[in-house]
Amino acid sequence: MSTVDHLVNEIKSLLAAGTVSYDSASKPSDVYEGFIFSLIVATASRHGATVTYEDVYGAKASNLVFRTGPGHLYSNSQPFTHAVIEFDGAPALEVHLGVYVTGSSGVLHECDVLVLPAEEAALSRAQGIAPRGSQSVLIVECKYYVSNLGIGLARNFEGLRADIRTQNELFVANTRSSSIVRYLDARKRGFEPDVVPHSPQAGYLQAEIRKTFKSYLSKHAPSTVI
C-alpha cells in the first residue's frame, strides 16, 4: 500500500467518513494535512465533543471535500468541508484546511490546519473577509517531506506565529530535523516530528491538541473535564 493510500485510509477511520476527496493520485503533502485535521477531530470526539461536518453554506456534509491549495474560508468555488466541534457549555469551534487568516500587520497568511471559534468563521463567511489570526484557537503548520527539513521552514513558521499572534501553534512533520528542534525549542515553540499514522508521536500530538482544548474549555466552560 502506498503512503498516500495509507494516509487516506487513516483519515477515513479517524473521521468515520464514508468518502473523502483524496485518492491515490493526491499529493502526499495535501493528504498529510488532512491526516492532521483528522487527528484534531478525533481528539475532540474522544474527549466528549460532538463533531459534525458542514460545507461553506452550512449544509451537513457526509462526502468530505478538502482543499488541496490555499483559499479563503468563505470561498464557495467548491463545497469545501470543515468540522464543527461542540463541547458542552462552550462556544462551538470549527476546523478548516488551507485557509487564510489576517495577521496583525494586515497581511494574509495561509494556515495548513486552523481551529477557530465558529462565531469568527461565521463572520468571515457573512462579510467575505479572512478571519483574524489573533482569534484562532490553534494553528498547525504541516510538513510532509521525503528529504531533510530545512531551517528556513522553522524561520517561516516563527514569522507566521509572530504576525498572527494566535493562542496556540504547532509545527508538525513526518520526519525530524535537529536544527529545527534546536531553533524552535530555543523559542519555546511546539514541534512534533515523526508524526505518521499509528506512531507514538501521533499520540504525543493528540496530547498537545487535548491541552489546547482543555485551555479553551477552562476559559469558556470551567466545569468541563476532558
# chains A, B, ... in the order shown; residues from 1 in each chain; ligands from 1
>>> select_by_dssp(residues="range 7-217 of chain A", states="strand (DSSP E or B)", output="PyMOL selection string")
chain A and resi 19-20+50-54+60+63-64+71+82-86+93-102+108-117+132+138-143+169-173+190-192
>>> closest_atom_pairs(of="range 7-79 of chain A", to="range 126-143 of chain A", cutoff="10 Å", atoms="only C-alpha atoms", output="Markdown table")
| residue | atom | partner | partner_atom | distance |
| --- | --- | --- | --- | --- |
| A:Pro28 | CA | A:Lys143 | CA | 9.9 |
| A:Ser29 | CA | A:Lys143 | CA | 6.9 |
| A:Asp30 | CA | A:Cys142 | CA | 9.3 |
| A:Tyr32 | CA | A:Cys142 | CA | 7.4 |
| A:Glu33 | CA | A:Cys142 | CA | 6.0 |
| A:Gly34 | CA | A:Cys142 | CA | 9.6 |
| A:Phe35 | CA | A:Cys142 | CA | 9.7 |
| A:Ile36 | CA | A:Cys142 | CA | 7.7 |
| A:Phe37 | CA | A:Val140 | CA | 9.0 |
| A:Ile40 | CA | A:Leu138 | CA | 10.0 |
| A:Gly71 | CA | A:Ala130 | CA | 9.7 |
| A:His72 | CA | A:Ala130 | CA | 6.6 |
| A:Leu73 | CA | A:Ala130 | CA | 6.8 |
| A:Tyr74 | CA | A:Gly128 | CA | 5.9 |
| A:Ser75 | CA | A:Gly128 | CA | 8.1 |
>>> closest_residue(among="A:Lys214, A:His96, A:Arg155, A:His198", to="Ser13 in chain A", atoms="only C-alpha atoms")
A:His198
>>> residues_around(residues="Arg176 in chain A", least_positions_apart="2", cutoff="7 Å", atoms="only C-alpha atoms", output="list in words")
Ala173, Ser178, Pro193 and Asp194 of chain A
>>> write_last_selection(atoms="C-alpha atoms", output="short mmCIF file (atom, residue, chain, number, x, y, z; two decimals), in the first residue's frame")
data_model
loop_
_atom_site.label_atom_id
_atom_site.label_comp_id
_atom_site.auth_asym_id
_atom_site.auth_seq_id
_atom_site.Cartn_x
_atom_site.Cartn_y
_atom_site.Cartn_z
CA ALA A 173 6.21 16.95 10.33
CA SER A 178 17.87 18.51 14.77
CA PRO A 193 8.33 15.40 14.46
CA ASP A 194 7.81 11.88 13.06
#
>>> residues_around(residues="Pro79 in chain A", least_positions_apart="3", cutoff="7 Å", atoms="only C-alpha atoms", output="list in words")
Asp55, Val56, Val65 and Asn76 of chain A
>>> select_by_dssp(residues="chain A", states="helix (DSSP H, G or I)", output="PyMOL selection string")
chain A and resi 3-15+28-46+118-127+133-135+151-164+178-186+200-220
>>> residues_around(residues="Arg189 in chain A", least_positions_apart="3", cutoff="9 Å", atoms="only C-alpha atoms", output="JSON list (two decimals) with C-alpha atoms, in the first residue's frame")
[["chain", "number", "residue", "atom", "x", "y", "z"],
["A", 158, "GLU", "CA", 8.27, 31.78, 13.54],
["A", 169, "GLU", "CA", 0.57, 26.98, 17.35],
["A", 170, "LEU", "CA", 2.31, 23.74, 16.41],
["A", 171, "PHE", "CA", 4.84, 22.73, 13.77],
["A", 183, "TYR", "CA", 15.64, 26.55, 16.73],
["A", 184, "LEU", "CA", 12.05, 26.07, 17.95],
["A", 185, "ASP", "CA", 13.00, 24.77, 21.40],
["A", 186, "ALA", "CA", 15.04, 27.93, 21.98]]
>>> closest_residue(among="A:Tyr57, A:Leu7, A:Ser215, A:Thr52", to="Gln78 in chain A", atoms="only C-alpha atoms")
A:Tyr57
>>> residues_around(residues="Pro91 in chain A", least_positions_apart="2", cutoff="9 Å", atoms="only C-alpha atoms", output="PDB file with N, CA and C atoms, in the first residue's frame")
ATOM      1  N   GLU A  86     -18.249  20.721  19.137  1.00  0.00           N
ATOM      2  CA  GLU A  86     -19.062  21.311  20.203  1.00  0.00           C
ATOM      3  C   GLU A  86     -18.850  20.560  21.513  1.00  0.00           C
ATOM      4  N   PHE A  87     -18.215  21.237  22.466  1.00  0.00           N
ATOM      5  CA  PHE A  87     -18.110  20.738  23.832  1.00  0.00           C
ATOM      6  C   PHE A  87     -19.251  21.347  24.642  1.00  0.00           C
ATOM      7  N   ASP A  88     -19.797  20.585  25.573  1.00  0.00           N
ATOM      8  CA  ASP A  88     -20.885  21.093  26.399  1.00  0.00           C
ATOM      9  C   ASP A  88     -20.483  22.372  27.119  1.00  0.00           C
ATOM     10  N   GLY A  89     -21.330  23.391  27.015  1.00  0.00           N
ATOM     11  CA  GLY A  89     -21.129  24.617  27.771  1.00  0.00           C
ATOM     12  C   GLY A  89     -20.150  25.595  27.174  1.00  0.00           C
ATOM     13  N   LEU A  93     -16.517  25.364  17.918  1.00  0.00           N
ATOM     14  CA  LEU A  93     -15.288  25.603  17.179  1.00  0.00           C
ATOM     15  C   LEU A  93     -15.416  25.009  15.782  1.00  0.00           C
ATOM     16  N   PRO A 117     -13.014  29.863  16.647  1.00  0.00           N
ATOM     17  CA  PRO A 117     -14.408  29.900  17.089  1.00  0.00           C
ATOM     18  C   PRO A 117     -15.363  29.935  15.898  1.00  0.00           C
ATOM     19  N   ALA A 118     -16.453  29.204  15.998  1.00  0.00           N
ATOM     20  CA  ALA A 118     -17.443  29.184  14.920  1.00  0.00           C
ATOM     21  C   ALA A 118     -17.982  30.586  14.652  1.00  0.00           C
ATOM     22  N   GLU A 119     -18.041  31.405  15.694  1.00  0.00           N
ATOM     23  CA  GLU A 119     -18.525  32.772  15.525  1.00  0.00           C
ATOM     24  C   GLU A 119     -17.610  33.570  14.598  1.00  0.00           C
ATOM     25  N   HIS A 220     -14.053  28.952  28.898  1.00  0.00           N
ATOM     26  CA  HIS A 220     -15.448  29.057  28.462  1.00  0.00           C
ATOM     27  C   HIS A 220     -16.386  28.094  29.178  1.00  0.00           C
ATOM     28  N   ALA A 221     -15.849  26.986  29.679  1.00  0.00           N
ATOM     29  CA  ALA A 221     -16.679  26.008  30.387  1.00  0.00           C
ATOM     30  C   ALA A 221     -15.841  25.378  31.489  1.00  0.00           C
TER      31      ALA A 221
END
>>> residues_around(residues="Gly103 in chain A", least_positions_apart="2", cutoff="7 Å", atoms="only C-alpha atoms", output="list of chain:residue names")
A:Val101, A:Ser105, A:Gly106, A:Val107, A:Leu108, A:His109, A:Arg132, A:Gly133, A:Asp163, A:Ile164
>>> write_last_selection(atoms="C-alpha atoms", output="mmCIF file, in the first residue's frame")
data_model
loop_
_atom_site.group_PDB
_atom_site.id
_atom_site.type_symbol
_atom_site.label_atom_id
_atom_site.label_comp_id
_atom_site.auth_asym_id
_atom_site.auth_seq_id
_atom_site.Cartn_x
_atom_site.Cartn_y
_atom_site.Cartn_z
ATOM 1 C CA VAL A 101 -6.137 34.444 8.179
ATOM 2 C CA SER A 105 0.132 43.571 10.080
ATOM 3 C CA GLY A 106 -2.931 43.177 7.865
ATOM 4 C CA VAL A 107 -1.082 40.615 5.709
ATOM 5 C CA LEU A 108 -2.806 37.364 4.785
ATOM 6 C CA HIS A 109 -1.205 34.103 5.913
ATOM 7 C CA ARG A 132 -8.454 37.276 12.352
ATOM 8 C CA GLY A 133 -5.449 35.173 13.216
ATOM 9 C CA ASP A 163 2.324 38.154 12.971
ATOM 10 C CA ILE A 164 -0.742 36.021 13.661
#
>>> atom_distance(atom1="CA of Tyr145 in chain A", atom2="CA of Lys27 in chain A")
11.4 Å
>>> closest_residue(among="A:Ala122, A:Ile85, A:Leu97, A:Ile151", to="His47 in chain A", atoms="only C-alpha atoms")
A:Ile85
>>> atom_distance(atom1="CA of Arg67 in chain A", atom2="CA of Leu217 in chain A")
28.5 Å
>>> closest_residue(among="A:Gly150, A:Gly203, A:Gly69, A:Pro197", to="Ser26 in chain A", atoms="only C-alpha atoms")
A:Gly69
>>> decode(residues="range 190-222 of chain A", atoms="C-alpha atoms", output="tab-separated table (two decimals), in the first residue's frame")
chain	number	residue	atom	x	y	z
A	190	GLY	CA	5.85	23.40	19.71
A	191	PHE	CA	7.47	20.97	17.25
A	192	GLU	CA	6.12	17.45	16.82
A	193	PRO	CA	8.33	15.40	14.46
A	194	ASP	CA	7.81	11.88	13.06
A	195	VAL	CA	4.02	12.14	13.19
A	196	VAL	CA	2.63	9.38	10.97
A	197	PRO	CA	-0.32	7.00	11.40
A	198	HIS	CA	-0.11	4.73	14.45
A	199	SER	CA	3.19	6.21	15.61
A	200	PRO	CA	3.85	7.12	19.26
A	201	GLN	CA	4.44	10.67	18.01
A	202	ALA	CA	0.88	10.84	16.68
A	203	GLY	CA	-0.22	10.11	20.23
A	204	TYR	CA	2.06	12.85	21.55
A	205	LEU	CA	0.48	15.28	19.09
A	206	GLN	CA	-3.00	14.34	20.25
A	207	ALA	CA	-1.91	15.01	23.82
A	208	GLU	CA	-0.85	18.52	22.78
A	209	ILE	CA	-4.16	19.02	20.98
A	210	ARG	CA	-6.00	17.91	24.11
A	211	LYS	CA	-4.11	20.56	26.10
A	212	THR	CA	-5.34	23.18	23.65
A	213	PHE	CA	-8.94	22.07	24.10
A	214	LYS	CA	-8.52	21.99	27.89
A	215	SER	CA	-7.20	25.55	27.85
A	216	TYR	CA	-10.13	26.66	25.68
A	217	LEU	CA	-12.64	24.99	27.98
A	218	SER	CA	-11.04	26.43	31.11
A	219	LYS	CA	-11.99	29.87	29.79
A	220	HIS	CA	-15.45	29.06	28.46
A	221	ALA	CA	-16.68	26.01	30.39
A	222	PRO	CA	-14.59	25.71	33.57
